>>> print(open('input.pdb').read())   # PDB, C-alpha atoms
ATOM      1  CA  MET Z 117     -57.997  24.987  93.421
ATOM      2  CA  LYS Z 118     -56.481  28.444  93.198
ATOM      3  CA  ILE Z 119     -56.763  30.311  89.878
ATOM      4  CA  LYS Z 120     -54.601  33.362  89.208
ATOM      5  CA  LEU Z 121     -53.018  35.375  86.424
ATOM      6  CA  ILE Z 122     -49.274  34.857  86.248
ATOM      7  CA  THR Z 123     -46.335  36.385  84.365
ATOM      8  CA  ASP Z 124     -43.505  34.301  85.833
ATOM      9  CA  LYS Z 125     -41.801  32.593  82.879
ATOM     10  CA  SER Z 126     -40.416  29.793  85.020
ATOM     11  CA  GLU Z 127     -43.936  28.910  86.214
ATOM     12  CA  ILE Z 128     -45.369  29.097  82.695
ATOM     13  CA  ASP Z 129     -42.487  26.930  81.412
ATOM     14  CA  LYS Z 130     -43.451  24.152  83.840
ATOM     15  CA  VAL Z 131     -46.620  23.644  81.802
ATOM     16  CA  VAL Z 132     -46.054  24.978  78.293
ATOM     17  CA  LYS Z 133     -42.578  23.492  77.898
ATOM     18  CA  ASP Z 134     -43.481  20.117  79.383
ATOM     19  CA  ASP Z 135     -42.363  17.555  76.765
ATOM     20  CA  GLU Z 136     -45.794  16.010  76.267
ATOM     21  CA  ILE Z 137     -47.582  19.361  76.102
ATOM     22  CA  TYR Z 138     -45.125  21.117  73.795
ATOM     23  CA  LYS Z 139     -45.304  18.352  71.189
ATOM     24  CA  VAL Z 140     -49.096  18.818  71.053
ATOM     25  CA  ILE Z 141     -49.297  22.620  71.107
ATOM     26  CA  GLY Z 142     -46.449  23.032  68.647
ATOM     27  CA  SER Z 143     -46.195  22.124  64.995
ATOM     28  CA  ASP Z 144     -43.492  21.443  62.449
ATOM     29  CA  LEU Z 145     -43.207  25.227  62.119
ATOM     30  CA  SER Z 146     -42.713  25.887  65.850
ATOM     31  CA  PRO Z 147     -39.317  26.741  67.288
ATOM     32  CA  ALA Z 148     -37.539  24.314  69.574
ATOM     33  CA  LYS Z 149     -39.101  24.634  73.019
ATOM     34  CA  GLU Z 150     -35.940  26.189  74.475
ATOM     35  CA  ASP Z 151     -36.231  28.951  71.826
ATOM     36  CA  PHE Z 152     -39.961  29.559  72.326
ATOM     37  CA  GLU Z 153     -40.793  33.056  73.599
ATOM     38  CA  TYR Z 154     -44.008  34.219  75.257
ATOM     39  CA  ASP Z 155     -45.975  37.213  74.027
ATOM     40  CA  PHE Z 156     -46.724  39.034  77.268
ATOM     41  CA  ASN Z 157     -47.958  42.102  75.365
ATOM     42  CA  ASN Z 158     -50.975  40.292  73.911
ATOM     43  CA  ASN Z 159     -51.457  37.100  75.926
ATOM     44  CA  PHE Z 160     -52.589  36.432  79.474
ATOM     45  CA  PHE Z 161     -51.653  33.309  81.443
ATOM     46  CA  LEU Z 162     -54.280  32.014  83.827
ATOM     47  CA  ALA Z 163     -52.814  29.294  86.042
ATOM     48  CA  GLY Z 164     -54.341  26.660  88.277
ATOM     49  CA  TYR Z 165     -52.663  25.570  91.510
ATOM     50  CA  ILE Z 166     -53.241  22.622  93.834
ATOM     51  CA  ASP Z 167     -51.352  22.677  97.128
ATOM     52  CA  GLY Z 168     -49.083  25.413  95.764
ATOM     53  CA  LYS Z 169     -48.119  23.452  92.617
ATOM     54  CA  ILE Z 170     -49.052  24.605  89.140
ATOM     55  CA  ILE Z 171     -51.203  22.010  87.366
ATOM     56  CA  GLY Z 172     -52.300  23.856  84.221
ATOM     57  CA  ILE Z 173     -52.545  27.067  82.252
ATOM     58  CA  LEU Z 174     -55.155  28.707  80.080
ATOM     59  CA  ILE Z 175     -53.458  31.124  77.691
ATOM     60  CA  TYR Z 176     -55.788  33.714  76.227
ATOM     61  CA  HIS Z 177     -55.826  36.958  74.325
ATOM     62  CA  ILE Z 178     -58.618  39.441  73.829
ATOM     63  CA  LEU Z 179     -59.987  39.827  70.298
ATOM     64  CA  GLU Z 180     -61.122  43.160  68.844
ATOM     65  CA  THR Z 181     -64.723  42.126  69.541
ATOM     66  CA  GLY Z 182     -63.974  41.727  73.248
ATOM     67  CA  ASP Z 183     -64.314  37.953  72.906
ATOM     68  CA  ILE Z 184     -61.310  35.810  73.752
ATOM     69  CA  TYR Z 185     -59.211  33.186  72.012
ATOM     70  CA  SER Z 186     -57.668  30.542  74.247
ATOM     71  CA  HIS Z 187     -55.635  27.366  74.660
ATOM     72  CA  ILE Z 188     -55.732  25.210  77.767
ATOM     73  CA  GLN Z 189     -52.996  22.848  78.929
ATOM     74  CA  VAL Z 190     -53.000  20.565  81.967
ATOM     75  CA  LEU Z 191     -49.863  18.724  83.041
ATOM     76  CA  PRO Z 192     -50.195  14.993  82.249
ATOM     77  CA  GLU Z 193     -49.828  13.851  85.855
ATOM     78  CA  TYR Z 194     -52.813  16.026  86.884
ATOM     79  CA  ARG Z 195     -55.187  15.390  83.978
ATOM     80  CA  LYS Z 196     -57.145  12.463  85.352
ATOM     81  CA  GLU Z 197     -57.914  14.086  88.676
ATOM     82  CA  TYR Z 198     -57.991  17.801  87.859
ATOM     83  CA  SER Z 199     -58.507  18.553  84.143
ATOM     84  CA  PHE Z 200     -62.279  19.057  84.371
ATOM     85  CA  LYS Z 201     -62.042  20.907  87.672
ATOM     86  CA  PHE Z 202     -59.384  23.225  86.225
ATOM     87  CA  SER Z 203     -61.439  23.816  83.087
ATOM     88  CA  LYS Z 204     -64.526  24.624  85.160
ATOM     89  CA  SER Z 205     -62.556  26.910  87.481
ATOM     90  CA  VAL Z 206     -60.988  28.950  84.665
ATOM     91  CA  LYS Z 207     -64.359  29.166  82.912
ATOM     92  CA  GLU Z 208     -65.901  30.609  86.110
ATOM     93  CA  TRP Z 209     -62.993  33.080  86.401
ATOM     94  CA  LEU Z 210     -63.448  34.135  82.772
ATOM     95  CA  ILE Z 211     -67.232  34.452  83.109
ATOM     96  CA  ASN Z 212     -66.700  36.919  85.965
ATOM     97  CA  LYS Z 213     -64.461  39.032  83.723
ATOM     98  CA  PHE Z 214     -66.042  38.485  80.294
ATOM     99  CA  THR Z 215     -69.739  37.784  80.959
ATOM    100  CA  GLY Z 216     -71.722  37.637  77.731
ATOM    101  CA  LYS Z 217     -68.657  37.224  75.539
ATOM    102  CA  LYS Z 218     -67.474  34.118  73.706
ATOM    103  CA  MET Z 219     -64.291  32.095  73.975
ATOM    104  CA  TYR Z 220     -62.836  30.557  70.809
ATOM    105  CA  THR Z 221     -60.220  27.927  70.095
ATOM    106  CA  HIS Z 222     -58.908  25.828  67.207
ATOM    107  CA  ILE Z 223     -57.864  22.200  67.595
ATOM    108  CA  PRO Z 224     -56.168  20.139  64.864
ATOM    109  CA  LEU Z 225     -58.353  17.145  63.971
ATOM    110  CA  CYS Z 226     -55.507  14.721  64.726
ATOM    111  CA  PHE Z 227     -55.979  15.453  68.457
ATOM    112  CA  THR Z 228     -59.303  13.672  68.955
ATOM    113  CA  ASN Z 229     -58.861  13.422  72.725
ATOM    114  CA  VAL Z 230     -58.466  17.204  72.986
ATOM    115  CA  ILE Z 231     -61.551  17.767  70.823
ATOM    116  CA  SER Z 232     -63.556  15.378  73.008
ATOM    117  CA  PHE Z 233     -62.373  17.234  76.135
ATOM    118  CA  ALA Z 234     -63.445  20.558  74.579
ATOM    119  CA  PHE Z 235     -66.945  19.281  73.775
ATOM    120  CA  LYS Z 236     -67.333  17.857  77.302
ATOM    121  CA  ASN Z 237     -66.420  21.295  78.662
ATOM    122  CA  GLY Z 238     -69.063  23.196  76.719
ATOM    123  CA  TYR Z 239     -67.447  24.124  73.426
ATOM    124  CA  LYS Z 240     -69.574  23.965  70.274
ATOM    125  CA  LYS Z 241     -68.369  23.579  66.698
ATOM    126  CA  VAL Z 242     -68.639  26.722  64.592
ATOM    127  CA  GLY Z 243     -66.547  25.727  61.599
ATOM    128  CA  MET Z 244     -63.530  24.050  60.091
ATOM    129  CA  ILE Z 245     -60.167  25.270  58.859
ATOM    130  CA  ASP Z 246     -58.909  23.107  55.987
ATOM    131  CA  GLU Z 247     -55.187  23.890  56.265
ATOM    132  CA  TYR Z 248     -54.551  24.932  59.854
ATOM    133  CA  THR Z 249     -51.029  23.692  60.585
ATOM    134  CA  ILE Z 250     -48.369  21.135  59.692
ATOM    135  CA  ILE Z 251     -47.746  18.237  62.084
ATOM    136  CA  ASP Z 252     -45.417  15.337  61.249
ATOM    137  CA  LYS Z 253     -44.992  16.775  57.728
ATOM    138  CA  LYS Z 254     -48.747  16.576  57.060
ATOM    139  CA  ILE Z 255     -51.124  19.481  56.600
ATOM    140  CA  GLN Z 256     -53.682  19.265  59.383
ATOM    141  CA  PRO Z 257     -57.209  20.660  59.319
ATOM    142  CA  ALA Z 258     -58.691  21.992  62.538
ATOM    143  CA  ILE Z 259     -62.066  22.353  64.145
ATOM    144  CA  TYR Z 260     -63.059  25.887  65.130
ATOM    145  CA  LEU Z 261     -64.937  25.985  68.459
ATOM    146  CA  GLU Z 262     -66.714  28.538  70.627
ATOM    147  CA  MET Z 263     -68.072  28.658  74.144
ATOM    148  CA  LYS Z 264     -70.445  31.301  75.490
ATOM    149  CA  LEU Z 265     -69.244  32.860  78.717
ATOM    150  CA  ASN Z 266     -72.564  33.129  80.496
ATOM    151  CA  LYS Z 267     -73.444  32.483  84.120
ATOM    152  CA  GLU Z 268     -76.180  30.051  83.098
ATOM    153  CA  GLU Z 269     -75.744  27.363  80.468
ATOM    154  CA  GLU Z 270     -77.570  28.017  77.224
TER     155      GLU Z 270
END
>>> encode(input="input.pdb", output="structure tokens")
Amino acid sequence: MKIKLITDKSEIDKVVKDDEIYKVIGSDLSPAKEDFEYDFNNNFFLAGYIDGKIIGILIYHILETGDIYSHIQVLPEYRKEYSFKFSKSVKEWLINKFTGKKMYTHIPLCFTNVISFAFKNGYKKVGMIDEYTIIDKKIQPAIYLEMKLNKEEE
């Protein structure tokens, strides 16, 4: 698997604007996917490729502490075979760049499969957010997670 930073909107769109992915990463407050714009000034897009085809993206930005905040998306047709490999590969890439830092994410509680995936990939719960977002006209709480970016597991 090849991991690289990308800025090509058409490549990013293949993942982020995939119908199944956009309905999960968006909320009732999100723009229509065709109106969604990327923040290239503050976000970085780390892509995974298999045989030259993009299979997923980890979007991250650097916090004032030097830690990072991220979201990972893997195209549905590649999840079964490559989701854990992609997650491990981007984690290794990030450890090389951000050793000793932490990576944070929030996941609405309604996405139990995503939360399970996060725990299996080394995230730990650090808190809850009572009113994180609105999905299907319901206020959704979220779990707040962190992962240490260390070469050896702690």
>>> resolve_selection(input="input.pdb", expression="the PyMOL selection byres ((chain Z and resi 179) around 12)", output="list in words")
Asn158, Asn159, Tyr176, His177, Ile178, Glu180, Thr181, Gly182, Asp183, Ile184, Tyr185, Ser186, Phe214, Lys217, Lys218, Met219, Tyr220 and Thr221 of chain Z
>>> residues_near_point(input="input.pdb", point="(-56.1, 28.2, 82.5)", cutoff="9 Å", atoms="only C-alpha atoms", output="ChimeraX atom specification")
/Z:119-121,161-164,172-176,186-190,202-203,205-207
>>> write_last_selection(input="input.pdb", atoms="C-alpha atoms", output="PDB file, in the frame of the given file")
ATOM      1  CA  ILE Z 119     -56.763  30.311  89.878  1.00  0.00           C
ATOM      2  CA  LYS Z 120     -54.601  33.362  89.208  1.00  0.00           C
ATOM      3  CA  LEU Z 121     -53.018  35.375  86.424  1.00  0.00           C
ATOM      4  CA  PHE Z 161     -51.653  33.309  81.443  1.00  0.00           C
ATOM      5  CA  LEU Z 162     -54.280  32.014  83.827  1.00  0.00           C
ATOM      6  CA  ALA Z 163     -52.814  29.294  86.042  1.00  0.00           C
ATOM      7  CA  GLY Z 164     -54.341  26.660  88.277  1.00  0.00           C
ATOM      8  CA  GLY Z 172     -52.300  23.856  84.221  1.00  0.00           C
ATOM      9  CA  ILE Z 173     -52.545  27.067  82.252  1.00  0.00           C
ATOM     10  CA  LEU Z 174     -55.155  28.707  80.080  1.00  0.00           C
ATOM     11  CA  ILE Z 175     -53.458  31.124  77.691  1.00  0.00           C
ATOM     12  CA  TYR Z 176     -55.788  33.714  76.227  1.00  0.00           C
ATOM     13  CA  SER Z 186     -57.668  30.542  74.247  1.00  0.00           C
ATOM     14  CA  HIS Z 187     -55.635  27.366  74.660  1.00  0.00           C
ATOM     15  CA  ILE Z 188     -55.732  25.210  77.767  1.00  0.00           C
ATOM     16  CA  GLN Z 189     -52.996  22.848  78.929  1.00  0.00           C
ATOM     17  CA  VAL Z 190     -53.000  20.565  81.967  1.00  0.00           C
ATOM     18  CA  PHE Z 202     -59.384  23.225  86.225  1.00  0.00           C
ATOM     19  CA  SER Z 203     -61.439  23.816  83.087  1.00  0.00           C
ATOM     20  CA  SER Z 205     -62.556  26.910  87.481  1.00  0.00           C
ATOM     21  CA  VAL Z 206     -60.988  28.950  84.665  1.00  0.00           C
ATOM     22  CA  LYS Z 207     -64.359  29.166  82.912  1.00  0.00           C
TER      23      LYS Z 207
END
>>> residues_around(input="input.pdb", residues="segment 252-263 of chain Z", least_positions_apart="6", cutoff="6 Å", atoms="all atoms listed in the file", output="list in words")
Lys218, Met219, Tyr220, Thr221, His222, Ile223, Pro224, Leu225, Tyr239, Lys240, Lys241, Val242, Gly243, Met244, Ile245 and Asp246 of chain Z
>>> resolve_selection(input="input.pdb", expression="the PyMOL selection byres ((chain Z and resi 127-139) around 12)", output="PyMOL selection string")
chain Z and resi 120-126+140-156+160-165+168-175+187-195+227+230+251-252
>>> residues_around(input="input.pdb", residues="Lys204 of chain Z", least_positions_apart="6", cutoff="10 Å", atoms="all atoms listed in the file", output="short mmCIF file (atom, residue, chain, number, x, y, z; two decimals) with C-alpha atoms, keeping the file's coordinate frame")
data_model
loop_
_atom_site.label_atom_id
_atom_site.label_comp_id
_atom_site.auth_asym_id
_atom_site.auth_seq_id
_atom_site.Cartn_x
_atom_site.Cartn_y
_atom_site.Cartn_z
CA TYR Z 198 -57.99 17.80 87.86
CA LEU Z 210 -63.45 34.14 82.77
CA ASN Z 237 -66.42 21.30 78.66
CA GLY Z 238 -69.06 23.20 76.72
#
>>> atom_distance(input="input.pdb", atom1="atom CA of Lys196 of chain Z", atom2="atom CA of Thr249 of chain Z")
27.9 Å
>>> atom_distance(input="input.pdb", atom1="atom CA of Ala234 of chain Z", atom2="atom CA of Asn157 of chain Z")
26.5 Å
>>> atom_distance(input="input.pdb", atom1="atom CA of Thr215 of chain Z", atom2="atom CA of Lys267 of chain Z")
7.2 Å
>>> build_atoms(input="input.pdb", residues="segment 232-264 of chain Z", atoms="N, CA and C atoms", output="PDB file, in the coordinates of the input")
ATOM      1  N   SER Z 232     -62.564  15.975  72.109  1.00  0.00           N
ATOM      2  CA  SER Z 232     -63.556  15.378  73.008  1.00  0.00           C
ATOM      3  C   SER Z 232     -63.614  16.134  74.335  1.00  0.00           C
ATOM      4  N   PHE Z 233     -62.450  16.467  74.896  1.00  0.00           N
ATOM      5  CA  PHE Z 233     -62.373  17.234  76.135  1.00  0.00           C
ATOM      6  C   PHE Z 233     -63.069  18.593  75.961  1.00  0.00           C
ATOM      7  N   ALA Z 234     -62.835  19.248  74.829  1.00  0.00           N
ATOM      8  CA  ALA Z 234     -63.445  20.558  74.579  1.00  0.00           C
ATOM      9  C   ALA Z 234     -64.972  20.452  74.541  1.00  0.00           C
ATOM     10  N   PHE Z 235     -65.492  19.458  73.834  1.00  0.00           N
ATOM     11  CA  PHE Z 235     -66.945  19.281  73.775  1.00  0.00           C
ATOM     12  C   PHE Z 235     -67.525  18.998  75.163  1.00  0.00           C
ATOM     13  N   LYS Z 236     -66.852  18.177  75.953  1.00  0.00           N
ATOM     14  CA  LYS Z 236     -67.333  17.857  77.302  1.00  0.00           C
ATOM     15  C   LYS Z 236     -67.322  19.079  78.218  1.00  0.00           C
ATOM     16  N   ASN Z 237     -66.526  20.085  77.857  1.00  0.00           N
ATOM     17  CA  ASN Z 237     -66.420  21.295  78.662  1.00  0.00           C
ATOM     18  C   ASN Z 237     -67.257  22.447  78.123  1.00  0.00           C
ATOM     19  N   GLY Z 238     -68.114  22.173  77.157  1.00  0.00           N
ATOM     20  CA  GLY Z 238     -69.063  23.196  76.719  1.00  0.00           C
ATOM     21  C   GLY Z 238     -68.780  23.884  75.409  1.00  0.00           C
ATOM     22  N   TYR Z 239     -67.703  23.530  74.737  1.00  0.00           N
ATOM     23  CA  TYR Z 239     -67.447  24.124  73.426  1.00  0.00           C
ATOM     24  C   TYR Z 239     -68.404  23.551  72.394  1.00  0.00           C
ATOM     25  N   LYS Z 240     -68.736  24.362  71.401  1.00  0.00           N
ATOM     26  CA  LYS Z 240     -69.574  23.965  70.274  1.00  0.00           C
ATOM     27  C   LYS Z 240     -68.812  24.249  68.978  1.00  0.00           C
ATOM     28  N   LYS Z 241     -69.016  23.397  68.002  1.00  0.00           N
ATOM     29  CA  LYS Z 241     -68.369  23.579  66.698  1.00  0.00           C
ATOM     30  C   LYS Z 241     -69.011  24.747  65.953  1.00  0.00           C
ATOM     31  N   VAL Z 242     -68.144  25.625  65.418  1.00  0.00           N
ATOM     32  CA  VAL Z 242     -68.639  26.722  64.592  1.00  0.00           C
ATOM     33  C   VAL Z 242     -68.065  26.683  63.189  1.00  0.00           C
ATOM     34  N   GLY Z 243     -67.104  25.808  62.944  1.00  0.00           N
ATOM     35  CA  GLY Z 243     -66.547  25.727  61.599  1.00  0.00           C
ATOM     36  C   GLY Z 243     -65.319  24.845  61.539  1.00  0.00           C
ATOM     37  N   MET Z 244     -64.735  24.834  60.358  1.00  0.00           N
ATOM     38  CA  MET Z 244     -63.530  24.050  60.091  1.00  0.00           C
ATOM     39  C   MET Z 244     -62.516  24.946  59.381  1.00  0.00           C
ATOM     40  N   ILE Z 245     -61.261  24.609  59.571  1.00  0.00           N
ATOM     41  CA  ILE Z 245     -60.167  25.270  58.859  1.00  0.00           C
ATOM     42  C   ILE Z 245     -59.440  24.159  58.117  1.00  0.00           C
ATOM     43  N   ASP Z 246     -59.447  24.210  56.795  1.00  0.00           N
ATOM     44  CA  ASP Z 246     -58.909  23.107  55.987  1.00  0.00           C
ATOM     45  C   ASP Z 246     -57.407  22.910  56.141  1.00  0.00           C
ATOM     46  N   GLU Z 247     -56.651  23.986  56.184  1.00  0.00           N
ATOM     47  CA  GLU Z 247     -55.187  23.890  56.265  1.00  0.00           C
ATOM     48  C   GLU Z 247     -54.720  24.739  57.438  1.00  0.00           C
ATOM     49  N   TYR Z 248     -54.830  24.183  58.632  1.00  0.00           N
ATOM     50  CA  TYR Z 248     -54.551  24.932  59.854  1.00  0.00           C
ATOM     51  C   TYR Z 248     -53.072  24.952  60.216  1.00  0.00           C
ATOM     52  N   THR Z 249     -52.422  23.784  60.163  1.00  0.00           N
ATOM     53  CA  THR Z 249     -51.029  23.692  60.585  1.00  0.00           C
ATOM     54  C   THR Z 249     -50.381  22.471  59.941  1.00  0.00           C
ATOM     55  N   ILE Z 250     -49.094  22.303  60.194  1.00  0.00           N
ATOM     56  CA  ILE Z 250     -48.369  21.135  59.692  1.00  0.00           C
ATOM     57  C   ILE Z 250     -47.814  20.375  60.892  1.00  0.00           C
ATOM     58  N   ILE Z 251     -48.212  19.094  60.997  1.00  0.00           N
ATOM     59  CA  ILE Z 251     -47.746  18.237  62.084  1.00  0.00           C
ATOM     60  C   ILE Z 251     -47.254  16.942  61.463  1.00  0.00           C
ATOM     61  N   ASP Z 252     -46.031  16.543  61.812  1.00  0.00           N
ATOM     62  CA  ASP Z 252     -45.417  15.337  61.249  1.00  0.00           C
ATOM     63  C   ASP Z 252     -45.425  15.364  59.716  1.00  0.00           C
ATOM     64  N   LYS Z 253     -45.112  16.541  59.179  1.00  0.00           N
ATOM     65  CA  LYS Z 253     -44.992  16.775  57.728  1.00  0.00           C
ATOM     66  C   LYS Z 253     -46.305  16.603  56.971  1.00  0.00           C
ATOM     67  N   LYS Z 254     -47.438  16.681  57.697  1.00  0.00           N
ATOM     68  CA  LYS Z 254     -48.747  16.576  57.060  1.00  0.00           C
ATOM     69  C   LYS Z 254     -49.562  17.826  57.381  1.00  0.00           C
ATOM     70  N   ILE Z 255     -50.224  18.348  56.368  1.00  0.00           N
ATOM     71  CA  ILE Z 255     -51.124  19.481  56.600  1.00  0.00           C
ATOM     72  C   ILE Z 255     -52.316  18.979  57.394  1.00  0.00           C
ATOM     73  N   GLN Z 256     -52.602  19.674  58.484  1.00  0.00           N
ATOM     74  CA  GLN Z 256     -53.682  19.265  59.383  1.00  0.00           C
ATOM     75  C   GLN Z 256     -54.830  20.273  59.359  1.00  0.00           C
ATOM     76  N   PRO Z 257     -56.046  19.785  59.138  1.00  0.00           N
ATOM     77  CA  PRO Z 257     -57.209  20.660  59.319  1.00  0.00           C
ATOM     78  C   PRO Z 257     -57.497  20.811  60.802  1.00  0.00           C
ATOM     79  N   ALA Z 258     -58.334  21.766  61.131  1.00  0.00           N
ATOM     80  CA  ALA Z 258     -58.691  21.992  62.538  1.00  0.00           C
ATOM     81  C   ALA Z 258     -60.173  22.296  62.653  1.00  0.00           C
ATOM     82  N   ILE Z 259     -60.700  21.991  63.811  1.00  0.00           N
ATOM     83  CA  ILE Z 259     -62.066  22.353  64.145  1.00  0.00           C
ATOM     84  C   ILE Z 259     -62.013  23.702  64.861  1.00  0.00           C
ATOM     85  N   TYR Z 260     -62.965  24.558  64.543  1.00  0.00           N
ATOM     86  CA  TYR Z 260     -63.059  25.887  65.130  1.00  0.00           C
ATOM     87  C   TYR Z 260     -64.226  25.841  66.119  1.00  0.00           C
ATOM     88  N   LEU Z 261     -63.961  26.150  67.388  1.00  0.00           N
ATOM     89  CA  LEU Z 261     -64.937  25.985  68.459  1.00  0.00           C
ATOM     90  C   LEU Z 261     -65.194  27.296  69.198  1.00  0.00           C
ATOM     91  N   GLU Z 262     -66.393  27.391  69.779  1.00  0.00           N
ATOM     92  CA  GLU Z 262     -66.714  28.538  70.627  1.00  0.00           C
ATOM     93  C   GLU Z 262     -67.466  28.077  71.859  1.00  0.00           C
ATOM     94  N   MET Z 263     -67.345  28.880  72.892  1.00  0.00           N
ATOM     95  CA  MET Z 263     -68.072  28.658  74.144  1.00  0.00           C
ATOM     96  C   MET Z 263     -68.601  30.012  74.603  1.00  0.00           C
ATOM     97  N   LYS Z 264     -69.872  30.067  74.959  1.00  0.00           N
ATOM     98  CA  LYS Z 264     -70.445  31.301  75.490  1.00  0.00           C
ATOM     99  C   LYS Z 264     -70.062  31.419  76.968  1.00  0.00           C
TER     100      LYS Z 264
END
